[in-house]
Structures are given as structure tokens and as C-alpha cells.
Amino acid sequence: MGLATTNALELGVDVSGLDAVLIAGWPGTRASLWQQVGRAGRDGQDALAVLIARDDPLDTYLVHHPEALFGRPVEAIVLDPSNPYVLGPHLCAAAAEIPLTEDDLPIFGPTTPKVLDDLVAQGLLRRRPTGWFWTRRERATDLADIRGGGGNPIQVVESSTGRLLGSVDEPSAHTTVHTGAIYLHQGETFLVELLDLDAGVALVTSAYPDYTTFARDITDISILSTERSTSLGPGTLHFGEVEVTRQVVSYLKRRLQSGEMLGDEPLELPPRTLRTRAVWWTLPASAVAPLAEAGIDLGGAAHAAEHASIGLLPLFATCDRWDIGGVSTELHADTGLLTVFVYDGHEGGAGFAERGYARATDWLTATREAIMSCECERGCPSCIQSPKCGNGNEPLDKRGAIRLLNTLLTPQ
Ligand SMILES: [Zn+2]
Ligand SMILES: [Zn+2]
């Protein structure tokens with residue numbers, strides 16, 4: 001007799017008499033893994049737990065490196081409470097309860113005075129001799145979005161019945177419920193007839209298409225400031241503030257069974273900008289010239305290394321690969337060099353890129369190992385292909401990525 005469950009069961013639910021646990025895919029953290037494993041073998045009973053790896057670079061790495069799981073403590077949580085996008089709404093909520101005084105400021109950390117000045121300048125708080133006061137009629141707690149998505153959510157509505165199926169946060173709406181998208185909801189398939197961003201609604205209709213859709217976007221990144229730099233092999237590693245501009249420009253239709261391309265339909269959606277933190281590495285022309293001479297597609301190699309490194313970062317910073325993004329280029333306008341960026345997907349940064357900077361050698365070594373140990377010939381979802389690539393996983397060069405990372409990780 002078996003029981004199929006979501007990860008809800010990991011949260012301490014005790015079903016007595018379980019003999020074995022089968023885990024479908026790496027659950028994301030060692031803490032979750034041990035919680036899930038611990039559902040079987042209660043009261044000193046013997047038990048078996050099996051982790052079934054998915055097509056994912058991190059799963060590939062872990063099945064080849066079980067030592068990354070066994071004998072390691074559970075991970076430290078990464079968060080950045082001084083992020084102004086996080087701190088600002090919290091200060092407003094606190095001030096709405098009881099006006100903030102000078103004595104309170106140390107509780108909120110060293111960036112508090114600067115963030116308070118900004119909130120006063122925006123008219124959200126007012127400075128009086130007795131402290132900082134919330135000035136608005138609305139509830140200050142509404143400023144903090146527990147989904148962390150930002151923007152107003154888009155309501156997904158069935159056009160024939162007016163039934164509300166759910167909501168999608170605004171950033172994801174561009175990729176998941178754009179006009180023409182196939183949208184899955186609790187096992188039912190819908191076609192998006194219209195996405196109206198101004199009205200905050202996506203109208204959908206029940207449909208049975210023989211294809212899926214996949215949004216393509218163009219991502220640009222510019223460096224606003226470099227906070228830290230250090231040498232890495234012949235190259236340089238940086239951490240700093242960036243602005244990421246993403247625009248969904250079209251969507252691909254793919255036949256369900258064969259994956260055959262049925263077309264690329266243009267979309268007109270506004271660009272979205274994100275101010276966040278990133279870790280990035282560059283290699284000088286002298287280091288990449290031998291690779292180009294050896295016939296390696298540098299753009300494809302950098303792109304493959306970027307994808308795999310995004311897949312592996314969750315091992316070093318407790319995050320989901322969907323919390324981070326990347327951009328790679330053979331020649332970036334701001335650096336004038338081959339550059340690979342990995343950025344936090346949240347406004348202001350959530351601390352993941354910073355953790356990547358601190359653990360860069362371990363992180364990029366594990367990335368290279370994951371690519372090398374994958375049995376595929378030219379790249380697959382277990383190593384360098386990414387389910388969220390806005391460029392349809394083109395171009396990618398698996399062997400080139402290994403050579404590029406070898407170059408980067410060679411001590412000088
Ligand atoms: Zn592979
Ligand atoms: Zn990509």
C-alpha cells in the first residue's frame with residue numbers, strides 16, 4: 001500500500017508504519033531531504049529512503065557527489081534584512097503601530113537611517129520631534145508583499161463563466177498568461193484569449209490544444225556599481241548592483257508529443273526592469289583567445305556555464321533556481337570582456353548572489369563537475385539546458401563550457 005503526497009508531509013505529519021520513502025527529485029535543501037526521509041522508520045524501526053534524481057544539473061551533481069549530502073549540517077538560511085525593498089515596508093508597518101524613535105533604530109540594522117530618509121522623501125513617513133509617523137490612510141502592512149513578487153497580481157478568469165481560476169504575480173504573468181499562452185490549472189488546460197495588464201486580468205477559455213507554449217524573452221543587464229572584486233584564476237569575480245531589463249518578445253508553440261516547432265508568435269509586452277544584486281565573472285581576451293582558436297563557440301560556452309551555475313547555486317545559497325537568473329555574453333558593453341552574470345530575482349537582492357560571490361570557487365568547481373559527470377554528448381536538461389532559458393537553449397556548447405570553467409578555475 002502506498003501514499004502519494006506533496007512535500008506537505010515533510011512538515012512533521014506522522015503517518016505510522018511507513019517502511020520506505022521515495023523522493024521524486026532533489027527537494028531543494030538538506031533540511032527538507034532529512035524531514036522527508038524521516039517519515040519512515042519511526043520508533044526505531046528500519047526504513048529505506050530513495051532519492052530519484054530529475055533532469056536537473058543539481059540532481060546530477062548530487063548523485064555523483066553523495067558526500068555533499070551525507071555528514072553535512074542542514075543549510076543556513078540566506079536573507080538580507082537590510083535590503084531597502086524589504087526593510088522599507090517593515091519600517092512603515094512598525095511606524096504605523098507605534099511611531100518610531102531614535103532608540104528603535106538599532107533594532108532594524110545599520111541601513112535604517114538612510115531608508116527612513118527615503119521613506120520621508122517619498123511622503124510615506126513624516127518626521128516629527130517625537131519620532132517617525134505613518135502618514136497614510138491605507139494599511140502600512142499592505143506594502144509588504146508576502147509573495148515577494150511585487151506589482152499587482154493578475155487575475156485569471158474564465159471568459160465564458162466569469163469564474164476566477166487563480167492569480168499570477170505580475171512578473172510571472174508576462175511568461176505564463178500572455179495572450180496565446182497555454183495555461184494549466186488543476187489538471188485542466190486553458191488557452192489565454194487576452195492578457196490585459198492595465199485591467200490586471202487574463203481571460204482564458206477551456207481548450208484541448210496539441211501543443212504547448214513557451215515564452216521567449218530578451219534580457220539586458222547593466223552594471224550600476226561594483227561593491228567587491230577579487231581575482232579568480234586569470235579572470236576577475238565581482239559583486240555589485242545591476243539593473244536587469246527583461247522583455248517577453250514572442251512565444252514558441254511546440255507539438256506535445258514530438259516537441260516539433262510549430263511557430264514563433266510575436267508579442268507586444270512592456271519591458272520590466274529589476275534593480276538587484278549580481279555576482280559576475282570576466283575573463284580577459286588573452287585567456288579566451290586560445291579557446292576561440294580551438295574552435296570553441298565562446299557565446300555558447302559562456303551560456304552553458306551560466307545555466308549550469310544557476311542550477312548549482314542552490315547548493316551554496318538556500319534558494320530555488322527560479323529565484324535567480326543569469327545573463328552571459330562573449331563581450332559585455334560594461335566590462336568589454338566575456339562576462340557571465342548570475343543575479344537575484346528579487347528587487348534589491350535577497351543575498352543569493354552575495355553567497356555565490358563568497359563561495360565562488362566551490363560553486364563554480366561544482367558547476368564544472370556537474371557538467372563533466374553528465375553522460376550526455378552535447379548537453380541535456382541534467383547539465384546545461386535550462387527550463388527557464390528565454391533564448392530557447394540556444395546556443396549551448398557543453399565541451400566549451402568545461403574548457404571555459406577549466407580556464408577560469410586555473411590558479412595563476
Ligand atoms: Zn547532460
Ligand atoms: Zn539561457
# chains A, B, ... in the order shown; residues from 1 in each chain; ligands from 1
call {"tool": "closest_atom_pairs", "arguments": {"of": "chain A", "to": "ligand 2", "cutoff": "8 Å", "atoms": "only C-alpha atoms and all ligand atoms", "output": "CSV"}}
result
residue,atom,partner,partner_atom_place_in_ligand_line,distance
A:His303,CA,ligand 2,1 (Zn),6.0
A:Ala304,CA,ligand 2,1 (Zn),7.5
A:Glu306,CA,ligand 2,1 (Zn),7.6
A:His307,CA,ligand 2,1 (Zn),6.2
A:Gly326,CA,ligand 2,1 (Zn),7.5
A:Val327,CA,ligand 2,1 (Zn),7.4
A:Gln385,CA,ligand 2,1 (Zn),7.6
A:Ser386,CA,ligand 2,1 (Zn),6.5
A:Lys388,CA,ligand 2,1 (Zn),7.3
A:Cys389,CA,ligand 2,1 (Zn),3.9
A:Gly390,CA,ligand 2,1 (Zn),5.8
A:Asn391,CA,ligand 2,1 (Zn),5.4
A:Gly392,CA,ligand 2,1 (Zn),6.9
A:Asn393,CA,ligand 2,1 (Zn),5.3
A:Glu394,CA,ligand 2,1 (Zn),6.9
call {"tool": "write_last_selection", "arguments": {"atoms": "N, CA and C atoms", "output": "CSV table (one decimal), in the first residue's frame"}}
result
chain,number,residue,atom,x,y,z
A,303,HIS,N,27.2,30.7,-22.1
A,303,HIS,CA,25.7,30.4,-21.9
A,303,HIS,C,25.5,29.1,-21.1
A,304,ALA,N,26.3,28.1,-21.6
A,304,ALA,CA,26.1,26.8,-20.9
A,304,ALA,C,26.7,26.8,-19.5
A,306,GLU,N,26.7,29.4,-17.6
A,306,GLU,CA,25.7,30.2,-16.9
A,306,GLU,C,24.6,29.4,-16.4
A,307,HIS,N,24.0,28.6,-17.3
A,307,HIS,CA,22.9,27.7,-17.0
A,307,HIS,C,23.2,26.8,-15.8
A,326,GLY,N,20.2,34.7,-15.0
A,326,GLY,CA,21.6,34.9,-15.5
A,326,GLY,C,21.6,35.5,-16.8
A,327,VAL,N,22.7,36.1,-17.2
A,327,VAL,CA,23.0,36.6,-18.5
A,327,VAL,C,24.4,36.3,-18.8
A,385,GLN,N,21.1,22.5,-20.1
A,385,GLN,CA,19.9,23.1,-20.6
A,385,GLN,C,19.1,23.6,-19.4
A,386,SER,N,18.4,24.7,-19.6
A,386,SER,CA,17.6,25.3,-18.5
A,386,SER,C,16.1,25.4,-18.9
A,388,LYS,N,14.1,27.5,-17.9
A,388,LYS,CA,13.6,28.9,-18.0
A,388,LYS,C,14.4,29.7,-18.9
A,389,CYS,N,15.2,29.1,-19.8
A,389,CYS,CA,16.0,29.9,-20.7
A,389,CYS,C,15.1,30.7,-21.6
A,390,GLY,N,15.3,32.0,-21.7
A,390,GLY,CA,14.5,32.9,-22.5
A,390,GLY,C,14.9,32.8,-24.0
A,391,ASN,N,16.0,32.1,-24.2
A,391,ASN,CA,16.6,32.0,-25.6
A,391,ASN,C,16.4,30.7,-26.2
A,392,GLY,N,15.5,29.9,-25.6
A,392,GLY,CA,15.3,28.5,-26.2
A,392,GLY,C,16.5,27.6,-26.1
A,393,ASN,N,17.4,27.8,-25.1
A,393,ASN,CA,18.6,27.0,-25.0
A,393,ASN,C,19.5,27.0,-26.2
A,394,GLU,N,19.6,28.2,-26.8
A,394,GLU,CA,20.5,28.4,-28.0
A,394,GLU,C,21.3,29.6,-27.7
call {"tool": "select_by_dssp", "arguments": {"residues": "segment 34-210 of chain A", "states": "strand (DSSP E)", "output": "ChimeraX atom specification"}}
result
/A:48-52,125-128,131-134,154-158,164-168,182-185,188-196,201-206
call {"tool": "closest_atom_pairs", "arguments": {"of": "chain A", "to": "ligand 1", "cutoff": "12 Å", "atoms": "only C-alpha atoms and all ligand atoms", "output": "Markdown table"}}
result
| residue | atom | partner | partner_atom_place_in_ligand_line | distance |
| --- | --- | --- | --- | --- |
| A:Arg54 | CA | ligand 1 | 1 (Zn) | 11.7 |
| A:Asp55 | CA | ligand 1 | 1 (Zn) | 8.5 |
| A:Asp56 | CA | ligand 1 | 1 (Zn) | 8.8 |
| A:Pro57 | CA | ligand 1 | 1 (Zn) | 7.9 |
| A:Leu58 | CA | ligand 1 | 1 (Zn) | 11.4 |
| A:Asp59 | CA | ligand 1 | 1 (Zn) | 11.3 |
| A:Thr60 | CA | ligand 1 | 1 (Zn) | 8.5 |
| A:Tyr61 | CA | ligand 1 | 1 (Zn) | 10.8 |
| A:Ala304 | CA | ligand 1 | 1 (Zn) | 10.7 |
| A:His307 | CA | ligand 1 | 1 (Zn) | 11.8 |
| A:Ala308 | CA | ligand 1 | 1 (Zn) | 10.0 |
| A:Arg368 | CA | ligand 1 | 1 (Zn) | 11.8 |
| A:Glu369 | CA | ligand 1 | 1 (Zn) | 11.4 |
| A:Ala370 | CA | ligand 1 | 1 (Zn) | 8.5 |
| A:Ile371 | CA | ligand 1 | 1 (Zn) | 6.6 |
| A:Met372 | CA | ligand 1 | 1 (Zn) | 8.4 |
| A:Ser373 | CA | ligand 1 | 1 (Zn) | 8.1 |
| A:Cys374 | CA | ligand 1 | 1 (Zn) | 4.6 |
| A:Glu375 | CA | ligand 1 | 1 (Zn) | 5.9 |
| A:Cys376 | CA | ligand 1 | 1 (Zn) | 4.3 |
| A:Glu377 | CA | ligand 1 | 1 (Zn) | 6.9 |
| A:Arg378 | CA | ligand 1 | 1 (Zn) | 6.9 |
| A:Gly379 | CA | ligand 1 | 1 (Zn) | 4.2 |
| A:Cys380 | CA | ligand 1 | 1 (Zn) | 3.9 |
| A:Pro381 | CA | ligand 1 | 1 (Zn) | 6.2 |
| A:Ser382 | CA | ligand 1 | 1 (Zn) | 4.8 |
| A:Cys383 | CA | ligand 1 | 1 (Zn) | 4.2 |
| A:Ile384 | CA | ligand 1 | 1 (Zn) | 6.4 |
| A:Gln385 | CA | ligand 1 | 1 (Zn) | 7.8 |
| A:Ser386 | CA | ligand 1 | 1 (Zn) | 11.0 |
| A:Leu396 | CA | ligand 1 | 1 (Zn) | 11.4 |
| A:Asp397 | CA | ligand 1 | 1 (Zn) | 11.1 |
| A:Lys398 | CA | ligand 1 | 1 (Zn) | 8.2 |
| A:Arg399 | CA | ligand 1 | 1 (Zn) | 10.7 |
| A:Ala401 | CA | ligand 1 | 1 (Zn) | 11.9 |
call {"tool": "write_last_selection", "arguments": {"atoms": "C-alpha atoms", "output": "compact mmCIF listing (two decimals), in the first residue's frame"}}
result
# COMPACT_ATOMS: atom_id res chain seq x y z
CA ARG A 54 15.45 14.51 -12.01
CA ASP A 55 16.79 16.10 -15.18
CA ASP A 56 18.48 18.97 -13.40
CA PRO A 57 22.15 19.95 -13.00
CA LEU A 58 21.90 19.94 -9.22
CA ASP A 59 20.37 16.44 -9.10
CA THR A 60 23.11 15.26 -11.48
CA TYR A 61 25.77 16.71 -9.23
CA ALA A 304 26.14 26.75 -20.90
CA HIS A 307 22.85 27.74 -16.95
CA ALA A 308 24.73 25.08 -15.02
CA ARG A 368 32.16 22.13 -13.76
CA GLU A 369 31.84 18.72 -12.04
CA ALA A 370 28.10 18.60 -12.78
CA ILE A 371 28.69 19.26 -16.48
CA MET A 372 31.60 16.82 -16.72
CA SER A 373 29.85 13.98 -14.92
CA CYS A 374 26.73 14.15 -17.09
CA GLU A 375 26.75 11.21 -19.52
CA CYS A 376 25.14 13.11 -22.39
CA GLU A 377 27.10 14.00 -25.50
CA ARG A 378 26.21 17.60 -26.23
CA GLY A 379 24.16 18.87 -23.29
CA CYS A 380 20.81 17.93 -21.78
CA PRO A 381 18.43 19.15 -19.06
CA SER A 382 20.58 17.31 -16.49
CA CYS A 383 23.53 19.58 -17.14
CA ILE A 384 23.46 22.72 -19.31
CA GLN A 385 19.90 23.09 -20.59
CA SER A 386 17.61 25.28 -18.52
CA LEU A 396 24.99 25.99 -25.93
CA ASP A 397 28.43 24.37 -26.08
CA LYS A 398 28.97 21.68 -23.44
CA ARG A 399 32.62 20.92 -24.10
CA ALA A 401 31.76 25.28 -21.05
call {"tool": "atom_distance", "arguments": {"atom1": "atom CA of Ala305 of chain A", "atom2": "atom CA of Phe214 of chain A"}}
result
22.3 Å
call {"tool": "closest_residue", "arguments": {"among": "A:Arg228, A:His332, A:Arg254, A:His64", "to": "Leu283 of chain A", "atoms": "only C-alpha atoms"}}
result
A:His332
call {"tool": "atom_distance", "arguments": {"atom1": "atom CA of Thr29 of chain A", "atom2": "atom CA of Phe352 of chain A"}}
result
14.2 Å
call {"tool": "select_by_dssp", "arguments": {"residues": "segment 197-394 of chain A", "states": "alpha helix (DSSP H)", "output": "tab-separated table (two decimals) with N, CA and C atoms, in the first residue's frame"}}
result
chain	number	residue	atom	x	y	z
A	285	ALA	N	40.75	38.91	-22.71
A	285	ALA	CA	40.88	38.41	-24.08
A	285	ALA	C	42.02	37.41	-24.20
A	286	SER	N	43.13	37.65	-23.45
A	286	SER	CA	44.29	36.76	-23.56
A	286	SER	C	43.95	35.35	-23.08
A	287	ALA	N	42.99	35.22	-22.15
A	287	ALA	CA	42.64	33.90	-21.62
A	287	ALA	C	41.64	33.18	-22.52
A	288	VAL	N	40.79	33.93	-23.23
A	288	VAL	CA	39.78	33.26	-24.07
A	288	VAL	C	40.27	33.04	-25.50
A	289	ALA	N	41.34	33.76	-25.91
A	289	ALA	CA	41.82	33.62	-27.29
A	289	ALA	C	42.18	32.16	-27.63
A	290	PRO	N	42.90	31.44	-26.72
A	290	PRO	CA	43.24	30.04	-27.06
A	290	PRO	C	41.99	29.17	-27.25
A	291	LEU	N	40.92	29.49	-26.52
A	291	LEU	CA	39.69	28.70	-26.65
A	291	LEU	C	39.04	28.97	-28.01
A	292	ALA	N	39.03	30.24	-28.41
A	292	ALA	CA	38.46	30.59	-29.72
A	292	ALA	C	39.26	29.93	-30.83
A	293	GLU	N	40.59	29.91	-30.65
A	293	GLU	CA	41.44	29.27	-31.67
A	293	GLU	C	41.17	27.78	-31.76
A	298	LEU	N	32.45	30.66	-28.06
A	298	LEU	CA	32.57	31.30	-26.73
A	298	LEU	C	31.21	31.68	-26.16
A	299	GLY	N	30.32	32.19	-27.01
A	299	GLY	CA	28.98	32.56	-26.55
A	299	GLY	C	28.24	31.34	-26.02
A	300	GLY	N	28.31	30.24	-26.75
A	300	GLY	CA	27.63	29.00	-26.33
A	300	GLY	C	28.25	28.41	-25.08
A	301	ALA	N	29.58	28.55	-24.95
A	301	ALA	CA	30.27	28.03	-23.76
A	301	ALA	C	29.89	28.84	-22.53
A	302	ALA	N	29.85	30.17	-22.67
A	302	ALA	CA	29.51	31.03	-21.53
A	302	ALA	C	28.04	30.81	-21.14
A	303	HIS	N	27.17	30.65	-22.13
A	303	HIS	CA	25.75	30.44	-21.88
A	303	HIS	C	25.54	29.10	-21.13
A	304	ALA	N	26.26	28.06	-21.56
A	304	ALA	CA	26.14	26.75	-20.90
A	304	ALA	C	26.65	26.82	-19.47
A	305	ALA	N	27.76	27.51	-19.27
A	305	ALA	CA	28.32	27.65	-17.92
A	305	ALA	C	27.35	28.44	-17.04
A	306	GLU	N	26.72	29.44	-17.60
A	306	GLU	CA	25.73	30.25	-16.86
A	306	GLU	C	24.58	29.36	-16.40
A	307	HIS	N	23.99	28.60	-17.33
A	307	HIS	CA	22.85	27.74	-16.95
A	307	HIS	C	23.22	26.78	-15.83
A	308	ALA	N	24.35	26.09	-16.01
A	308	ALA	CA	24.73	25.08	-15.02
A	308	ALA	C	25.02	25.74	-13.68
A	309	SER	N	25.62	26.94	-13.70
A	309	SER	CA	25.95	27.58	-12.42
A	309	SER	C	24.69	28.05	-11.71
A	310	ILE	N	23.66	28.44	-12.47
A	310	ILE	CA	22.37	28.79	-11.84
A	310	ILE	C	21.79	27.54	-11.19
A	311	GLY	N	21.92	26.40	-11.87
A	311	GLY	CA	21.41	25.15	-11.32
A	311	GLY	C	22.09	24.74	-10.03
A	312	LEU	N	23.37	25.08	-9.89
A	312	LEU	CA	24.14	24.65	-8.72
A	312	LEU	C	24.14	25.64	-7.57
A	352	PHE	N	21.42	35.88	-2.38
A	352	PHE	CA	21.90	34.65	-3.04
A	352	PHE	C	23.17	34.91	-3.84
A	353	ALA	N	23.17	36.00	-4.63
A	353	ALA	CA	24.35	36.31	-5.43
A	353	ALA	C	25.55	36.58	-4.52
A	354	GLU	N	25.27	37.22	-3.39
A	354	GLU	CA	26.34	37.53	-2.44
A	354	GLU	C	26.96	36.23	-1.91
A	355	ARG	N	26.10	35.23	-1.63
A	355	ARG	CA	26.60	33.94	-1.18
A	355	ARG	C	27.43	33.28	-2.30
A	356	GLY	N	26.98	33.45	-3.54
A	356	GLY	CA	27.73	32.91	-4.68
A	356	GLY	C	29.12	33.54	-4.77
A	357	TYR	N	29.18	34.84	-4.52
A	357	TYR	CA	30.47	35.54	-4.54
A	357	TYR	C	31.38	34.97	-3.46
A	358	ALA	N	30.83	34.78	-2.26
A	358	ALA	CA	31.65	34.31	-1.13
A	358	ALA	C	32.14	32.87	-1.35
A	360	ALA	N	32.54	31.33	-4.42
A	360	ALA	CA	32.65	31.20	-5.88
A	360	ALA	C	33.47	30.00	-6.33
A	361	THR	N	34.62	29.76	-5.68
A	361	THR	CA	35.46	28.68	-6.16
A	361	THR	C	34.76	27.33	-5.99
A	362	ASP	N	34.16	27.11	-4.82
A	362	ASP	CA	33.43	25.86	-4.58
A	362	ASP	C	32.25	25.73	-5.54
A	363	TRP	N	31.54	26.82	-5.69
A	363	TRP	CA	30.33	26.84	-6.53
A	363	TRP	C	30.67	26.53	-7.99
A	364	LEU	N	31.68	27.22	-8.52
A	364	LEU	CA	32.00	27.04	-9.94
A	364	LEU	C	32.72	25.71	-10.18
A	365	THR	N	33.43	25.21	-9.15
A	365	THR	CA	34.03	23.87	-9.28
A	365	THR	C	32.93	22.82	-9.34
A	366	ALA	N	31.93	22.96	-8.49
A	366	ALA	CA	30.80	22.02	-8.51
A	366	ALA	C	30.05	22.12	-9.84
A	367	THR	N	29.96	23.32	-10.38
A	367	THR	CA	29.30	23.51	-11.68
A	367	THR	C	30.03	22.73	-12.77
A	368	ARG	N	31.36	22.85	-12.76
A	368	ARG	CA	32.16	22.13	-13.76
A	368	ARG	C	31.99	20.62	-13.59
A	369	GLU	N	32.01	20.16	-12.32
A	369	GLU	CA	31.84	18.72	-12.04
A	369	GLU	C	30.50	18.22	-12.56
A	370	ALA	N	29.45	19.02	-12.35
A	370	ALA	CA	28.10	18.60	-12.78
A	370	ALA	C	28.05	18.45	-14.29
A	371	ILE	N	28.70	19.35	-15.01
A	371	ILE	CA	28.69	19.26	-16.48
A	371	ILE	C	29.52	18.06	-16.91
A	372	MET	N	30.70	17.90	-16.30
A	372	MET	CA	31.60	16.82	-16.72
A	372	MET	C	31.02	15.45	-16.43
A	373	SER	N	30.31	15.32	-15.30
A	373	SER	CA	29.85	13.98	-14.92
A	373	SER	C	28.56	13.59	-15.62
call {"tool": "atom_distance", "arguments": {"atom1": "atom CA of Ile23 of chain A", "atom2": "atom CA of Ala47 of chain A"}}
result
13.7 Å
call {"tool": "closest_residue", "arguments": {"among": "A:Ala20, A:Glu193, A:Gly235, A:Leu116", "to": "Asn406 of chain A", "atoms": "only C-alpha atoms"}}
result
A:Gly235
call {"tool": "residues_around", "arguments": {"residues": "Leu203 of chain A", "least_positions_apart": "5", "cutoff": "6 Å", "atoms": "only C-alpha atoms", "output": "PyMOL selection string"}}
result
chain A and resi 157-159+192-194
call {"tool": "write_last_selection", "arguments": {"atoms": "N, CA and C atoms", "output": "tab-separated table (two decimals), in the first residue's frame"}}
result
chain	number	residue	atom	x	y	z
A	157	VAL	N	-9.23	34.62	-15.28
A	157	VAL	CA	-10.69	34.49	-15.27
A	157	VAL	C	-11.15	33.71	-16.50
A	158	GLU	N	-12.04	32.74	-16.30
A	158	GLU	CA	-12.63	32.01	-17.42
A	158	GLU	C	-13.67	32.92	-18.08
A	159	SER	N	-13.48	33.20	-19.38
A	159	SER	CA	-14.30	34.25	-20.01
A	159	SER	C	-15.77	33.84	-20.13
A	192	VAL	N	-5.12	31.22	-23.19
A	192	VAL	CA	-5.30	32.62	-22.80
A	192	VAL	C	-5.75	33.41	-24.03
A	193	GLU	N	-6.98	33.95	-23.97
A	193	GLU	CA	-7.51	34.74	-25.09
A	193	GLU	C	-6.92	36.14	-25.09
A	194	LEU	N	-6.75	36.70	-23.88
A	194	LEU	CA	-6.28	38.08	-23.80
A	194	LEU	C	-5.64	38.32	-22.44
call {"tool": "residues_around", "arguments": {"residues": "Gly200 of chain A", "least_positions_apart": "4", "cutoff": "10 Å", "atoms": "only C-alpha atoms", "output": "MDAnalysis selection string"}}
result
chainID A and resid 152:156 167:170 173 195:196
call {"tool": "residues_around", "arguments": {"residues": "segment 81-90 of chain A", "least_positions_apart": "5", "cutoff": "10 Å", "atoms": "only C-alpha atoms", "output": "ChimeraX atom specification"}}
result
/A:95-96,108-112,114-116,118-119,124,140-145,148,150,276,346-351
call {"tool": "write_last_selection", "arguments": {"atoms": "N, CA and C atoms", "output": "compact mmCIF listing (two decimals), in the first residue's frame"}}
result
# COMPACT_ATOMS: atom_id res chain seq x y z
N ALA A 95 6.09 51.74 12.13
CA ALA A 95 5.72 53.11 12.48
C ALA A 95 4.20 53.27 12.57
N ALA A 96 3.47 52.47 11.80
CA ALA A 96 2.01 52.55 11.86
C ALA A 96 1.48 52.00 13.19
N PHE A 108 16.70 47.75 13.78
CA PHE A 108 16.45 47.48 12.36
C PHE A 108 17.72 47.47 11.51
N GLY A 109 18.89 47.64 12.15
CA GLY A 109 20.13 47.49 11.40
C GLY A 109 20.70 48.80 10.89
N PRO A 110 21.95 48.72 10.40
CA PRO A 110 22.71 49.93 10.07
C PRO A 110 22.16 50.74 8.90
N THR A 111 21.37 50.12 8.01
CA THR A 111 20.88 50.88 6.86
C THR A 111 19.61 51.67 7.18
N THR A 112 19.11 51.55 8.43
CA THR A 112 17.82 52.15 8.78
C THR A 112 17.75 53.67 8.56
N LYS A 114 19.21 55.71 6.52
CA LYS A 114 19.14 56.03 5.08
C LYS A 114 17.75 55.67 4.52
N VAL A 115 17.25 54.48 4.88
CA VAL A 115 15.95 54.04 4.38
C VAL A 115 14.83 54.94 4.91
N LEU A 116 14.95 55.37 6.18
CA LEU A 116 13.96 56.28 6.76
C LEU A 116 13.93 57.61 6.00
N ASP A 118 14.65 58.08 2.92
CA ASP A 118 13.97 57.84 1.64
C ASP A 118 12.45 57.77 1.83
N LEU A 119 12.01 57.13 2.91
CA LEU A 119 10.57 56.99 3.15
C LEU A 119 9.93 58.35 3.43
N LEU A 124 5.89 58.77 2.69
CA LEU A 124 5.23 57.65 3.38
C LEU A 124 5.29 57.83 4.90
N ALA A 140 -0.29 50.10 6.38
CA ALA A 140 1.13 50.01 6.00
C ALA A 140 1.54 48.58 5.69
N THR A 141 0.87 47.62 6.31
CA THR A 141 1.25 46.22 6.10
C THR A 141 1.00 45.79 4.66
N ASP A 142 0.12 46.52 3.94
CA ASP A 142 -0.13 46.15 2.54
C ASP A 142 1.09 46.41 1.65
N LEU A 143 2.04 47.20 2.13
CA LEU A 143 3.24 47.46 1.34
C LEU A 143 4.13 46.22 1.22
N ALA A 144 4.07 45.38 2.23
CA ALA A 144 4.92 44.18 2.21
C ALA A 144 4.14 43.05 1.55
N ASP A 145 4.68 42.55 0.46
CA ASP A 145 4.01 41.51 -0.30
C ASP A 145 4.61 40.17 0.11
N GLY A 148 6.39 38.19 -2.38
CA GLY A 148 7.69 38.69 -2.82
C GLY A 148 7.74 39.00 -4.30
N GLY A 150 6.05 41.51 -6.09
CA GLY A 150 5.98 42.90 -6.49
C GLY A 150 4.90 43.08 -7.55
N THR A 276 18.77 44.95 -8.79
CA THR A 276 19.10 43.86 -7.88
C THR A 276 20.61 43.72 -7.75
N HIS A 346 14.95 39.05 -7.02
CA HIS A 346 14.10 39.91 -6.19
C HIS A 346 14.66 41.32 -6.16
N GLU A 347 13.76 42.32 -6.14
CA GLU A 347 14.19 43.71 -6.05
C GLU A 347 15.18 43.90 -4.90
N GLY A 348 16.29 44.54 -5.18
CA GLY A 348 17.25 44.85 -4.13
C GLY A 348 18.19 43.70 -3.80
N GLY A 349 17.85 42.50 -4.27
CA GLY A 349 18.69 41.33 -4.00
C GLY A 349 18.29 40.68 -2.70
N ALA A 350 18.40 39.36 -2.66
CA ALA A 350 17.97 38.62 -1.48
C ALA A 350 19.14 37.94 -0.78
N GLY A 351 20.36 38.17 -1.27
CA GLY A 351 21.53 37.60 -0.62
C GLY A 351 22.09 36.36 -1.31
call {"tool": "closest_residue", "arguments": {"among": "A:Pro209, A:Gly25, A:Gly131, A:Gly41", "to": "Tyr183 of chain A", "atoms": "only C-alpha atoms"}}
result
A:Pro209
